[in-house]
Every structure is written in structure tokens, then in C-alpha cells.
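Source file: protein_8.txt (compact mmCIF, C-alpha atoms)
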```
# COMPACT_ATOMS: atom_id res chain seq x y z
CA MET J 1 140.86 -7.37 144.14
CA ALA J 2 142.00 -9.20 141.10
CA ASP J 3 140.69 -12.26 139.39
CA ILE J 4 143.65 -14.37 138.31
CA PHE J 5 142.63 -17.63 136.67
CA VAL J 6 143.04 -20.18 133.91
CA SER J 7 139.99 -22.11 132.82
CA LYS J 8 139.84 -24.65 129.99
CA GLY J 9 141.84 -22.65 127.49
CA ALA J 10 140.78 -19.20 128.73
CA ALA J 11 142.90 -17.12 131.09
CA SER J 12 143.17 -13.66 132.63
CA ASP J 13 145.67 -11.41 130.77
CA GLN J 14 148.23 -11.46 133.57
CA VAL J 15 148.71 -15.21 133.10
CA THR J 16 150.93 -17.19 130.75
CA THR J 17 150.47 -20.96 130.79
CA TYR J 18 153.13 -23.62 130.34
CA GLN J 19 153.26 -27.40 130.40
CA ASN J 20 155.33 -29.07 133.06
CA ALA J 21 158.24 -31.34 132.10
CA THR J 22 157.37 -34.82 133.37
CA GLY J 23 160.91 -36.11 133.01
CA VAL J 24 162.28 -33.55 135.50
CA THR J 25 161.82 -34.86 139.03
CA LEU J 26 164.70 -32.93 140.59
CA LYS J 27 162.93 -29.59 140.68
CA PRO J 28 159.52 -28.15 139.88
CA THR J 29 158.77 -26.85 136.38
CA PRO J 30 156.25 -24.04 135.80
CA ILE J 31 152.67 -24.54 134.66
CA LEU J 32 151.64 -20.90 134.88
CA GLU J 33 153.32 -17.54 135.31
CA VAL J 34 151.69 -14.40 136.65
CA SER J 35 153.02 -11.08 135.34
CA PRO J 36 151.09 -8.01 136.51
CA ASP J 37 150.09 -5.31 134.03
CA ARG J 38 152.60 -2.55 133.43
CA GLY J 39 152.85 -0.10 136.34
CA LYS J 40 150.93 -2.40 138.67
CA PHE J 41 151.75 -4.95 141.30
CA LEU J 42 149.76 -7.82 142.70
CA ARG J 43 149.67 -8.60 146.40
CA PHE J 44 148.97 -12.25 147.28
CA GLU J 45 147.95 -12.68 150.92
CA ASN J 46 148.00 -15.53 153.39
CA ARG J 47 144.71 -16.13 155.15
CA THR J 48 143.99 -18.16 158.26
CA ILE J 49 140.94 -20.37 157.95
CA ARG J 50 140.07 -22.81 160.73
CA GLY J 51 143.58 -22.75 162.11
CA ASN J 52 145.31 -23.37 158.77
CA THR J 53 147.25 -20.54 157.14
CA GLY J 54 147.95 -20.08 153.45
CA LEU J 55 146.90 -18.58 150.15
CA PRO J 56 143.55 -20.08 149.10
CA VAL J 57 143.65 -21.58 145.60
CA TYR J 58 141.20 -23.82 143.78
CA PHE J 59 142.30 -26.05 140.95
CA ASP J 60 141.53 -29.08 138.86
CA LEU J 61 144.59 -30.27 136.93
CA ASN J 62 144.10 -32.93 134.28
CA ASP J 63 146.23 -34.56 131.61
CA SER J 64 145.37 -34.82 127.93
CA ASN J 65 143.13 -37.87 128.63
CA GLY J 66 141.12 -35.79 131.08
CA ASP J 67 142.48 -37.85 133.99
CA ASP J 68 143.53 -36.18 137.24
CA LEU J 69 147.24 -35.58 137.68
CA PRO J 70 148.70 -38.19 140.10
CA THR J 71 147.89 -37.73 143.79
CA ASN J 72 151.55 -37.24 144.67
CA THR J 73 151.93 -34.21 142.40
CA LEU J 74 153.92 -31.47 144.16
CA VAL J 75 152.63 -27.91 143.82
CA VAL J 76 154.63 -24.86 144.90
CA PHE J 77 154.95 -21.13 144.14
CA GLU J 78 158.25 -19.77 142.86
CA PHE J 79 159.37 -16.17 142.61
CA GLN J 80 162.08 -14.35 140.69
CA MET J 81 162.97 -10.72 141.38
CA SER J 82 163.52 -8.60 138.28
CA ASN J 83 167.26 -8.56 138.93
CA GLY J 84 167.46 -12.12 140.26
CA ASP J 85 169.32 -15.04 138.75
CA ASP J 86 166.92 -17.79 139.56
CA TYR J 87 163.56 -18.74 140.98
CA HIS J 88 163.14 -19.35 144.70
CA ARG J 89 160.37 -21.23 146.44
CA VAL J 90 158.07 -18.86 148.27
CA ALA J 91 155.56 -21.39 149.54
CA VAL J 92 155.52 -24.52 151.63
CA PRO J 93 154.89 -27.08 148.87
CA LYS J 94 151.74 -29.18 148.70
CA LYS J 95 153.19 -32.64 148.25
CA GLN J 96 149.88 -34.31 147.48
CA ILE J 97 146.78 -32.97 145.74
CA SER J 98 144.24 -35.46 147.06
CA PHE J 99 141.90 -32.65 148.20
CA PHE J 100 141.96 -30.95 144.79
CA ASN J 101 141.50 -34.20 142.87
CA SER J 102 138.64 -35.51 144.95
CA ASN J 103 136.63 -32.26 145.19
CA SER J 104 135.25 -30.16 142.35
CA ILE J 105 136.15 -26.45 142.24
CA SER J 106 132.84 -25.48 143.86
CA GLU J 107 133.28 -28.13 146.57
CA GLN J 108 136.78 -26.81 147.22
CA ARG J 109 135.34 -23.33 147.85
CA ASN J 110 132.78 -24.66 150.33
CA SER J 111 133.32 -22.92 153.68
CA GLU J 112 133.47 -26.30 155.43
CA ARG J 113 136.34 -27.46 153.26
CA ARG J 114 138.33 -24.52 152.04
CA HIS J 115 140.77 -24.70 154.94
CA ASN J 116 142.29 -27.59 152.95
CA ALA J 117 142.78 -25.40 149.87
CA LEU J 118 145.58 -23.31 151.38
CA ILE J 119 149.17 -23.14 150.15
CA PRO J 120 151.23 -21.31 152.80
CA LEU J 121 153.34 -18.39 151.54
CA LYS J 122 156.75 -18.25 153.19
CA TYR J 123 160.02 -16.39 152.91
CA PRO J 124 162.51 -18.02 150.55
CA GLU J 125 165.45 -19.99 151.89
CA ALA J 126 168.45 -17.95 152.98
CA ALA J 127 166.35 -14.77 153.21
CA ASP J 128 166.71 -12.30 156.10
CA ARG J 129 163.46 -13.53 157.57
CA GLU J 130 162.14 -17.03 158.09
CA GLY J 131 158.84 -18.76 158.30
CA LEU J 132 155.43 -17.75 156.97
CA ARG J 133 154.86 -14.26 155.61
CA ASP J 134 151.70 -12.13 155.56
CA PHE J 135 151.81 -11.47 151.83
CA ILE J 136 154.03 -11.38 148.76
CA ASP J 137 154.12 -8.49 146.29
CA VAL J 138 154.72 -9.31 142.65
CA ARG J 139 155.67 -6.30 140.52
CA ASP J 140 155.27 -6.06 136.77
CA VAL J 141 159.00 -6.71 136.41
CA ASP J 142 159.01 -9.78 138.67
CA SER J 143 157.97 -13.28 137.86
CA PHE J 144 155.70 -15.47 140.00
CA THR J 145 155.00 -19.03 138.93
CA VAL J 146 152.97 -22.02 139.94
CA SER J 147 155.32 -24.96 139.48
CA VAL J 148 154.81 -28.69 139.82
CA ILE J 149 156.60 -32.02 139.91
CA SER J 150 154.31 -34.63 138.40
CA ALA J 151 154.48 -37.89 136.50
CA SER J 152 151.78 -36.58 134.12
CA GLN J 153 151.61 -33.43 132.03
CA VAL J 154 148.95 -30.79 132.53
CA ASP J 155 146.64 -30.04 129.58
CA TRP J 156 145.21 -26.54 130.06
CA ASP J 157 142.32 -27.20 127.70
CA GLN J 158 141.05 -29.61 130.34
CA SER J 159 142.30 -27.91 133.49
CA GLU J 160 141.40 -24.99 135.71
CA TRP J 161 143.22 -22.83 138.26
CA TYR J 162 141.80 -19.99 140.38
CA PHE J 163 143.41 -17.80 142.99
CA ASP J 164 140.75 -16.72 145.50
CA GLU J 165 139.67 -13.25 144.29
CA ASN J 166 139.56 -11.84 147.82
CA VAL J 167 143.20 -12.46 148.63
CA VAL J 168 144.80 -11.03 145.48
CA LYS J 169 144.92 -7.24 145.29
CA GLU J 170 146.01 -5.21 142.31
CA MET J 171 147.70 -1.95 143.18
CA SER J 172 149.56 0.77 141.36
CA ARG J 173 153.31 1.09 141.75
CA GLU J 174 153.10 4.89 141.79
CA MET T 1 170.83 -23.51 178.27
CA SER T 2 168.28 -26.22 178.81
CA VAL T 3 167.15 -28.37 175.92
CA ALA T 4 163.77 -26.66 175.95
CA ASP T 5 165.41 -23.22 175.61
CA THR T 6 167.63 -24.44 172.76
CA LEU T 7 164.57 -25.70 170.90
CA ASP T 8 162.65 -22.48 171.55
CA ALA T 9 165.45 -20.36 170.12
CA MET T 10 166.11 -22.58 167.11
CA LYS T 11 165.27 -21.44 163.57
CA ARG T 12 162.66 -23.73 162.09
CA GLU T 13 160.75 -24.35 158.89
CA PRO T 14 157.57 -26.26 158.09
CA ARG T 15 158.52 -29.52 156.40
CA PRO T 16 155.86 -31.38 154.44
CA LEU T 17 156.65 -35.09 154.37
CA SER T 18 155.80 -37.33 151.44
CA PRO T 19 156.53 -41.05 151.14
CA LEU T 20 158.41 -40.93 147.83
CA ASP T 21 160.38 -37.70 148.39
CA ASP T 22 161.29 -37.76 152.04
CA PHE T 23 161.32 -41.36 153.19
CA GLU T 24 163.48 -44.34 152.30
CA THR T 25 161.11 -46.95 150.96
CA ALA T 26 161.27 -50.70 151.50
CA VAL T 27 159.24 -53.70 150.41
CA ASN T 28 157.37 -55.47 153.21
CA GLN T 29 157.24 -59.16 154.04
CA THR T 30 153.61 -60.14 153.71
CA GLY T 31 152.03 -61.35 156.91
CA THR T 32 154.79 -59.94 159.12
CA ASP T 33 155.12 -56.54 160.71
CA SER T 34 157.84 -55.08 158.52
CA GLU T 35 159.19 -51.68 157.61
CA ILE T 36 157.92 -49.84 154.52
CA LEU T 37 159.10 -46.27 155.17
CA SER T 38 161.89 -44.75 157.22
CA LEU T 39 163.19 -41.25 157.64
CA GLN T 40 166.36 -40.45 159.54
CA ALA T 41 166.21 -36.95 161.01
CA GLU T 42 169.09 -34.77 159.74
CA THR T 43 168.41 -32.11 162.35
CA VAL T 44 165.75 -31.82 165.03
CA LEU T 45 162.41 -32.92 163.60
CA ALA T 46 159.12 -32.36 165.39
CA LEU T 47 155.76 -33.79 164.44
CA ARG T 48 152.83 -31.50 165.11
CA ASP T 49 150.12 -32.22 167.63
CA GLY T 50 146.82 -32.30 165.76
CA ALA T 51 148.46 -32.27 162.30
CA ASP T 52 146.55 -34.19 159.65
CA LEU T 53 148.06 -37.43 158.44
CA MET T 54 146.84 -38.59 155.04
CA VAL T 55 147.31 -42.35 154.63
CA SER T 56 146.64 -44.55 151.63
CA ILE T 57 148.84 -47.58 151.25
CA PRO T 58 148.60 -49.33 147.86
CA ALA T 59 149.26 -52.98 147.13
CA TYR T 60 151.62 -53.88 144.29
CA GLU T 61 151.16 -56.60 141.69
CA THR T 62 152.44 -57.40 138.22
CA TYR T 63 150.68 -59.04 135.29
CA THR T 64 152.06 -60.18 131.96
CA THR T 65 149.80 -59.57 128.99
CA ASP T 66 148.98 -62.55 126.78
CA GLY T 67 150.31 -63.51 123.35
CA THR T 68 147.48 -61.89 121.41
CA GLY T 69 147.83 -58.22 120.51
CA GLY T 70 144.88 -55.79 120.63
CA ASN T 71 142.49 -57.95 122.66
CA THR T 72 140.88 -56.80 125.90
CA GLU T 73 142.20 -58.70 128.89
CA THR T 74 140.59 -58.86 132.32
CA VAL T 75 143.20 -58.62 135.05
CA SER T 76 142.06 -60.16 138.33
CA LEU T 77 143.71 -58.78 141.42
CA SER T 78 144.53 -60.89 144.48
CA HIS T 79 143.20 -58.44 147.05
CA ASP T 80 140.15 -56.31 147.75
CA LEU T 81 140.26 -53.38 145.32
CA VAL T 82 138.36 -50.37 146.71
CA ASP T 83 137.14 -47.14 145.15
CA SER T 84 139.28 -44.73 147.15
CA PRO T 85 137.82 -41.38 148.22
CA ASN T 86 141.34 -40.01 148.67
CA THR T 87 143.45 -41.01 145.70
CA GLN T 88 143.49 -42.82 142.36
CA SER T 89 142.44 -46.40 143.08
CA VAL T 90 144.49 -47.93 140.29
CA VAL T 91 147.82 -46.67 138.97
CA LEU T 92 148.85 -48.71 135.98
CA TYR T 93 152.06 -48.88 133.99
CA GLU T 94 152.76 -50.89 130.85
CA ASN T 95 156.48 -51.49 131.26
CA GLY T 96 157.65 -47.95 132.10
CA ASN T 97 154.72 -46.03 130.59
CA ARG T 98 151.72 -44.73 132.49
CA VAL T 99 148.51 -46.07 130.98
CA THR T 100 144.86 -46.16 132.01
CA PRO T 101 142.63 -49.21 132.32
CA ASP T 102 139.63 -49.45 129.96
CA SER T 103 137.37 -50.00 132.96
CA VAL T 104 137.62 -50.93 136.62
CA ASP T 105 135.30 -53.44 138.30
CA TYR T 106 135.46 -52.85 142.06
CA ALA T 107 132.96 -55.60 142.92
CA ASN T 108 135.05 -58.28 141.22
CA ASN T 109 138.48 -56.79 142.07
CA SER T 110 139.51 -56.61 138.46
CA PHE T 111 140.07 -54.22 135.58
CA ASP T 112 140.11 -54.47 131.79
CA TYR T 113 143.07 -53.40 129.72
CA THR T 114 143.76 -53.57 125.99
CA ASP T 115 147.41 -54.09 125.11
CA ASP T 116 148.19 -53.51 121.43
CA GLY T 117 151.41 -55.48 121.91
CA THR T 118 152.06 -58.85 123.53
CA GLY T 119 153.85 -60.14 126.59
CA ASN T 120 154.23 -56.75 128.25
CA THR T 121 154.53 -56.33 131.99
CA LEU T 122 151.81 -54.38 133.77
CA HIS T 123 152.83 -52.80 137.06
CA ILE T 124 149.74 -52.28 139.20
CA TYR T 125 149.56 -50.12 142.31
CA TYR T 126 146.05 -50.34 143.74
CA ILE T 127 144.25 -49.28 146.89
CA VAL T 128 143.03 -52.22 148.97
CA GLY T 129 140.46 -52.70 151.71
CA ASP T 130 142.14 -55.73 153.30
CA ALA T 131 142.80 -55.18 156.99
CA ALA T 132 146.43 -54.36 157.75
CA THR T 133 147.98 -52.80 160.82
CA LEU T 134 150.17 -49.77 160.23
CA THR T 135 152.42 -48.47 162.98
CA VAL T 136 154.40 -45.25 163.17
CA GLU T 137 157.22 -45.15 165.67
CA LYS T 138 160.33 -43.23 166.47
CA VAL T 139 163.53 -45.17 167.08
CA SER T 140 166.71 -44.01 168.79
CA PRO T 141 169.97 -44.79 167.03
CA GLY T 142 172.02 -47.45 168.79
CA GLY T 143 171.50 -50.91 167.30
CA LYS T 144 169.99 -53.72 169.30
CA THR T 145 169.52 -51.84 172.52
CA SER T 146 167.84 -48.91 170.81
CA GLN T 147 164.64 -47.58 172.24
CA ALA T 148 161.46 -47.01 170.34
CA GLU T 149 158.13 -45.40 171.01
CA GLN T 150 154.90 -45.86 169.08
CA LEU T 151 153.41 -42.59 167.89
CA LYS T 152 150.42 -43.85 165.96
CA THR T 153 148.81 -47.09 165.03
CA LEU T 154 145.92 -47.51 162.63
CA ASN T 155 144.25 -49.99 160.35
CA ALA T 156 145.36 -49.29 156.78
CA GLY T 157 142.42 -51.17 155.29
CA ARG T 158 139.97 -48.91 157.09
CA ALA T 159 142.01 -45.75 156.44
CA ASN T 160 142.14 -46.58 152.72
CA ARG T 161 138.34 -46.53 152.56
CA GLN T 162 137.78 -43.55 154.86
CA ASP T 163 137.16 -40.10 153.35
CA GLN T 164 140.07 -38.38 155.06
CA GLN T 165 138.88 -34.91 154.15
CA GLU T 166 135.57 -35.40 155.95
CA ASP T 167 137.04 -37.49 158.70
CA PRO T 168 140.72 -36.65 159.09
CA ILE T 169 143.35 -38.81 160.75
CA ASP T 170 145.68 -36.82 162.96
CA PHE T 171 148.59 -37.14 165.34
CA GLN T 172 147.75 -36.74 169.03
CA PHE T 173 150.52 -36.41 171.56
CA SER T 174 149.24 -36.70 175.07
CA GLY T 175 152.40 -37.94 176.79
CA SER T 176 155.22 -35.58 177.66
CA TRP T 177 156.16 -32.53 175.59
CA LEU T 178 159.13 -34.50 174.21
CA GLU T 179 156.93 -37.16 172.62
CA ARG T 180 156.64 -35.41 169.26
CA PHE T 181 160.37 -34.66 168.92
CA LEU T 182 163.02 -36.64 167.04
CA ALA T 183 166.63 -35.76 167.75
CA THR T 184 169.24 -35.82 164.96
CA ASP T 185 169.82 -39.39 163.68
CA MET T 186 166.64 -40.76 165.22
CA VAL T 187 164.47 -42.61 162.74
CA LEU T 188 160.78 -42.13 162.03
CA SER T 189 159.76 -45.62 160.98
CA VAL T 190 156.53 -46.89 159.44
CA THR T 191 155.79 -50.60 159.53
CA ILE T 192 152.86 -52.60 158.23
CA ASP T 193 151.51 -56.05 158.89
CA ALA T 194 149.65 -56.70 155.66
CA PRO T 195 148.55 -59.71 153.61
CA TYR T 196 149.61 -57.88 150.43
CA THR T 197 152.87 -56.56 149.02
CA VAL T 198 153.58 -52.89 149.61
CA ARG T 199 156.10 -51.52 147.18
CA PHE T 200 156.31 -47.79 146.58
CA ARG T 201 158.65 -48.03 143.61
CA GLU T 202 160.32 -50.66 141.48
CA ASP T 203 163.50 -50.05 139.54
CA THR T 204 163.31 -52.41 136.54
CA ASP T 205 160.93 -50.15 134.64
CA GLY T 206 161.20 -47.16 136.95
CA THR T 207 157.57 -47.10 138.07
CA GLU T 208 156.19 -45.48 141.23
CA ALA T 209 153.09 -45.67 143.39
CA THR T 210 151.94 -42.14 142.57
CA ASN T 211 148.69 -42.85 144.43
CA ALA T 212 150.40 -43.62 147.75
CA LEU T 213 149.69 -41.25 150.59
CA PHE T 214 151.61 -40.90 153.81
CA HIS T 215 151.65 -37.16 154.09
CA THR T 216 151.86 -34.83 157.04
CA THR T 217 153.58 -31.57 157.83
CA ALA T 218 156.33 -31.59 160.43
CA THR T 219 158.61 -28.87 161.73
CA GLN T 220 162.28 -29.08 160.89
CA GLY T 221 164.85 -27.33 163.05
CA ALA T 222 167.96 -25.73 161.54
CA THR T 223 170.51 -27.63 163.63
CA ASP T 224 170.73 -30.41 166.18
CA ALA T 225 170.05 -29.79 169.85
CA PRO T 226 172.72 -31.06 172.24
CA GLY T 227 171.20 -33.20 174.96
CA LEU T 228 167.92 -33.76 173.14
CA LEU T 229 168.59 -37.41 172.33
CA ALA T 230 169.44 -38.18 175.95
CA ALA T 231 166.35 -36.32 177.13
CA ILE T 232 164.15 -38.24 174.68
CA ASN T 233 165.68 -41.57 175.67
CA ASP T 234 165.05 -40.80 179.35
CA ASP T 235 161.55 -39.70 178.51
CA MET T 236 160.74 -42.88 176.55
CA GLY T 237 162.11 -45.00 179.38
CA GLY T 238 160.10 -43.08 181.94
CA ARG T 239 156.69 -43.90 180.53
```
Could you render the structure as C-alpha cells?
Amino acid sequence: MADIFVSKGAASDQVTTYQNATGVTLKPTPILEVSPDRGKFLRFENRTIRGNTGLPVYFDLNDSNGDDLPTNTLVVFEFQMSNGDDYHRVAVPKKQISFFNSNSISEQRNSERRHNALIPLKYPEAADREGLRDFIDVRDVDSFTVSVISASQVDWDQSEWYFDENVVKEMSRE
Amino acid sequence: MSVADTLDAMKREPRPLSPLDDFETAVNQTGTDSEILSLQAETVLALRDGADLMVSIPAYETYTTDGTGGNTETVSLSHDLVDSPNTQSVVLYENGNRVTPDSVDYANNSFDYTDDGTGNTLHIYYIVGDAATLTVEKVSPGGKTSQAEQLKTLNAGRANRQDQQEDPIDFQFSGSWLERFLATDMVLSVTIDAPYTVRFREDTDGTEATNALFHTTATQGATDAPGLLAAINDDMGGR
């Protein structure tokens, strides 16, 4: 188990935060990057809850005024192998964040609602395999980001992001 | 190989649909059933039985601020502004810049805004409770003789006020197995008969209705399926 989070200025050590570029609408720009500790890897797992499959995440993203990011903000995970040239999408993007804007973090975790808090992990385009995957392993040399397309810019002093602790496992590469 | 076998064997990907990214947008004619969104399938596209459809259709209005700088102005809206449980109720731009109202008065359908300049254009995208009929249909290519089938019809005014997390709207396909499929070049079309103007984006200042919702997840096939269009046309005619 691993607790990977950003909360109002604080963050777990594996996380680096960024601010998205609002002018770029062509492709997502990162808001946080996860780099596992040296010699370790993190395994992010898809879960199936009430018929929906995905990685459970809970977040509240706000701009510098403390206002929610726009409803049509796109959220996706991107992954770069240590020897790769570029980032590839490894999730089916959330193209609207209505659920995350209208529910607090604790409401999002409620067992009656958390089936809406899933972002499905999938194989990248042009990979050998297609469709949803069971998990993705991120090694210390790889890069895994949460990236967004949004008309407003995230302010991490007023925002929070949590990966569900039960679906992220930290393991040794040995 | 039958059409069904071709579809079974086809590579496919989940495809989330969003009004601003995936659809062509159009401005409606108020009071007439007119198109606001259309999506032409590039390959086989299948809607999902039971998939959630999030719907919030904003009205669009403009307002020009007065000749006094720095005063608080009350902007009265022409339609029933509602406090949406699903999205931001008011998205406001001063010319091309996103701004926030000082306060919003839902009972009086108005909001207050302080403009430090004068004579600026406010672009307002707001969620309304006025009754409006929204229809989703699939249309075969082929001009005047083209066939169409309704897939969903709902009242946008009611949907805009409904908490769609607690009480989701979904697609239900009870006809034939072909009902949820669109063959290559078929169009998924959304029309609305509304007393207000629906405009998802305007180009003068480059503003967008970032609070609009018409989101569902479909399944996109990798290629087209020979014979599927004919099968769908037969199927639509047969019911």
C-alpha cells in the first residue's frame, strides 16, 4: 500500500506538482508527476465497483480564487518509459469533472458514490494489447503524470488529490 | 462473415464523448426543434446500453457594461437561472477573459458584477430551468431520403435541475441489437426545442460554455464494417 497525495501545499515525497498551461488545448499538460523512490516501483490497479472499472481517485481542483476548475476539464493519466521519447495516455480520459466538483473528498469516498470516482487504466495506443488493463507498474526511472486540459489553472495551495491507498502498492524492484 | 461476426472481431476502444471536443456545435433557433450538436462517425460507433448520459445545456446571453467604471452592475437574465447540482451555474467572460460574478441571485435570475472598465462585453453561459425538449437521434447519410431513429428524448429544463449523480440519466436500448450502433458516416445528432439560445462557443472573443454537459462513453471500432449501414437502415425501417 502506498499513500500518494497532494493536499493544500503538502504532498507525499513521490509527487512533484506542476501547474497546467491553460493556453494549450491541443493536448493535456501535467499537474502532478509520480516518481517512485529509488529501487521501488508503484503498481496502480484498476478496480471494479458497481459495474464500473477504473483506478479510484478523489480530488478537488481549484484555481487561485478558490473556484472549482471548469466542469469540462479533461483529466487523464500519461506514462513515459525511462527510454521513451514521449508521454502516452494510459487511461480513458474523464472529459468532465462534475462528480468531483459537486462532491467533497469525503463524499467522493462514500461507498454509494465511489463508483463515479474511477478513471479506467488502459493500454496506450498502438501497443501490443488493447483495451483496459489490470494494473500499470511505474518504476523509479519511469514517469507517470496526471494531466489536464482546462480553461483555468490549478492552484495546489487550494487543491487536493488522493489516489485510493488500497489500489496503489509499493514494491521493490529487486 | 456476417455483420455481427465482423463487429465481434473488431478491435475497439472506449470513447468518452464531450460536447466541445467531439461534436460539431451549432446555434439553435429559439422556439424550433433545431440541431445543437452533431457527430459524424469516422468508424463504427456504438453507444452503450445503460451508460450514463450527463446533460446540462446552458443558455447564452451577452451584456454590455455601462459607461461608469468600477460600479457594481446587476445583470438581469432573460430566463430561469437555476442553482445546478451538476455544474457551474454561471460561466462568465469579460470579453475573452474568465471572470467571476460578485454574487448570484437565483430567485431573481440575476447576478452582480463589478467592471473596472466601461463598455465591455460580458458573455454569459448559464444553466436554465425553462422547459425544453432535447432529442438524440442517429441519422443515416443520404440527404433528403435519409432515415433517422430517436435514441433518447428528455426535458432539458428538468435534467438541468436534477442531481444526475443521485439520479442518473442513461441510454436504454430495448429494440433490436443494432439500435445502439452507428455505421461509418452516420450522424449522431442532438436537437433542442428551447425558448433560449444555446451556443456552446462564440468566436469573436473565443469564449466557451465550459459548464455544458453532454457526456457519455461510447465504444469506437477500429474500422468500418461492410454491410452495417444497410443492416441498420433495414432495421430502422423494420420497426
Within 12 Å of segment 99-119 of chain J: each segment 122-171 of chain T residue with its shortest pair, only C-alpha atoms, as a Markdown table:
```
| residue | atom | partner | partner_atom | distance |
| --- | --- | --- | --- | --- |
| T:Asp163 | CA | J:Ser102 | CA | 9.7 |
| T:Gln164 | CA | J:Phe99 | CA | 9.1 |
| T:Gln165 | CA | J:Phe99 | CA | 7.0 |
| T:Glu166 | CA | J:Arg113 | CA | 8.4 |
| T:Asp167 | CA | J:Arg113 | CA | 11.4 |
| T:Pro168 | CA | J:Asn116 | CA | 11.1 |
```
query: Out of T:Gly227, T:Pro58, T:Gly50, T:Gly221, which residue has the shortest atom-to-atom distance to Tyr125 of chain T when counting all atoms listed in the file?
result: T:Pro58
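The coordinates place atom CA of Phe181 of chain T at 25.2 Å from atom CA of Asp193 of chain T.
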Sort by chain and increasing residue number a table of all residues of chain T within 10 Å of chain J, each with its closest pair of atoms and their distance in Å to one decimal, counting only C-alpha atoms, and write it as a tab-separated table.
```
residue	atom	partner	partner_atom	distance
T:Lys11	CA	J:Glu130	CA	7.7
T:Arg12	CA	J:Gly131	CA	7.3
T:Glu13	CA	J:Gly131	CA	5.9
T:Pro14	CA	J:Val92	CA	7.0
T:Arg15	CA	J:Val92	CA	7.5
T:Pro16	CA	J:Lys95	CA	6.9
T:Leu17	CA	J:Lys95	CA	7.4
T:Ser18	CA	J:Lys95	CA	6.2
T:Pro19	CA	J:Asn72	CA	9.0
T:Leu20	CA	J:Asn72	CA	8.4
T:Asp21	CA	J:Lys95	CA	8.8
T:Met54	CA	J:Ser98	CA	9.0
T:Ser84	CA	J:Ser102	CA	9.5
T:Pro85	CA	J:Ser102	CA	6.8
T:Asn86	CA	J:Ser98	CA	5.6
T:Thr87	CA	J:Ser98	CA	5.8
T:Gln88	CA	J:Thr71	CA	6.9
T:Val91	CA	J:Pro70	CA	8.6
T:Arg98	CA	J:Ser152	CA	8.3
T:Thr100	CA	J:Asp67	CA	8.9
T:Asp163	CA	J:Ser102	CA	9.7
T:Gln164	CA	J:Phe99	CA	9.1
T:Gln165	CA	J:Phe99	CA	7.0
T:Glu166	CA	J:Arg113	CA	8.4
T:Thr207	CA	J:Ala151	CA	9.8
T:Glu208	CA	J:Ala151	CA	9.1
T:Ala209	CA	J:Asn72	CA	8.7
T:Thr210	CA	J:Asn72	CA	5.3
T:Asn211	CA	J:Thr71	CA	5.2
T:Ala212	CA	J:Asn72	CA	7.2
T:Leu213	CA	J:Asn72	CA	7.4
T:Phe214	CA	J:Gln96	CA	9.3
T:His215	CA	J:Gln96	CA	7.4
T:Thr216	CA	J:Lys95	CA	9.2
T:Thr217	CA	J:Val92	CA	9.6
```
field: Neighbour list for Thr72 of chain T as number ranges by chain, cut-off 8 Å, only C-alpha atoms, skip fewer than 5 positions in-chain
entry: T: 112-115
Restrict the selected residues to C-alpha atoms and save them as a compact mmCIF listing (two decimals), in the frame of the given file.
```txt
# COMPACT_ATOMS: atom_id res chain seq x y z
CA ASP T 112 140.11 -54.47 131.79
CA TYR T 113 143.07 -53.40 129.72
CA THR T 114 143.76 -53.57 125.99
CA ASP T 115 147.41 -54.09 125.11
```
- prompt: Could you work out how far atom CA of Gly31 of chain T lies from atom CA of Pro195 of chain T, giving the answer in Å with one decimal?
  reply: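 Atom CA of Gly31 of chain T lies at a distance of 5.1 Å from atom CA of Pro195 of chain T.
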query: Between atom CA of Asn20 of chain J and atom CA of Asn52 of chain J, what is the distance, to one decimal in Å?
result: 28.2 Å
- prompt: In terms of the shortest atom-to-atom distance over all atoms listed in the file, which of T:Thr135, T:Gln220, T:Thr184, T:Asn120 is closest to Thr68 of chain T?
  reply: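 Of T:Thr135, T:Gln220, T:Thr184, T:Asn120, the one nearest Thr68 of chain T, counting all atoms listed in the file, is T:Asn120.
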message: Please list as a ChimeraX atom specification every residue within 12 Å of Asp105 of chain T, counting all atoms listed in the file and excluding residues in the same chain fewer than 6 positions away.
response: /T:74-77,80-83,89-90,111-113
- request: Quick one: everything within 9 Å of Thr43 of chain T, counting all atoms listed in the file, minus sequence neighbours fewer than 6 positions away in the same chain. Send it as a ChimeraX atom specification.
  value: /T:182-185,220-225
Please put the answer as lines of an AutoDock Vina configuration file: centre and edge lengths, in Å with one decimal, of a box along x, y and z that encloses all listed atoms of segment 187-196 of chain T plus 6 Å on each side.
```
center_x = 156.5
center_y = -50.9
center_z = 156.6
size_x = 27.9
size_y = 29.6
size_z = 24.3
```
- request: Quick one: residues within 9 Å of (152.3, -6.3, 142.2) (file frame), counting only C-alpha atoms, please, as a list in words.
  value: Ser35, Pro36, Asp37, Gly39, Lys40, Phe41, Leu42, Arg43, Phe44, Ile136, Asp137, Val138, Arg139, Asp140, Val141, Asp142, Lys169, Glu170, Met171, Ser172 and Arg173 of chain J
- prompt: Which one of T:Leu229, T:Val136, T:Ile57, T:Val99 sits closest to Ala156 of chain T if you count only C-alpha atoms?
  reply: T:Ile57
- prompt: Do you know which residues are at most 7 Å from Val198 of chain T counting all atoms listed in the file, after dropping those on the same chain fewer than 3 positions away, and could you put them as JSON, numbers by chain?
  reply: {"T": [27, 28, 58, 59, 60]}
Residues as selected, C-alpha atoms, written as a compact mmCIF listing (two decimals), in the frame of the given file, can you do that?
```
# COMPACT_ATOMS: atom_id res chain seq x y z
CA VAL T 27 159.24 -53.70 150.41
CA ASN T 28 157.37 -55.47 153.21
CA PRO T 58 148.60 -49.33 147.86
CA ALA T 59 149.26 -52.98 147.13
CA TYR T 60 151.62 -53.88 144.29
```
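Considering all atoms listed in the file, the residue among J:Val148, J:Met1, J:Val90, J:Leu61 positioned nearest to Val75 of chain J is J:Val148.
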message: Between T:Leu178, T:Met186, T:Ala9, T:Ala132, which residue has the minimum interatomic distance to Ser34 of chain T, considering only C-alpha atoms?
response: T:Ala132
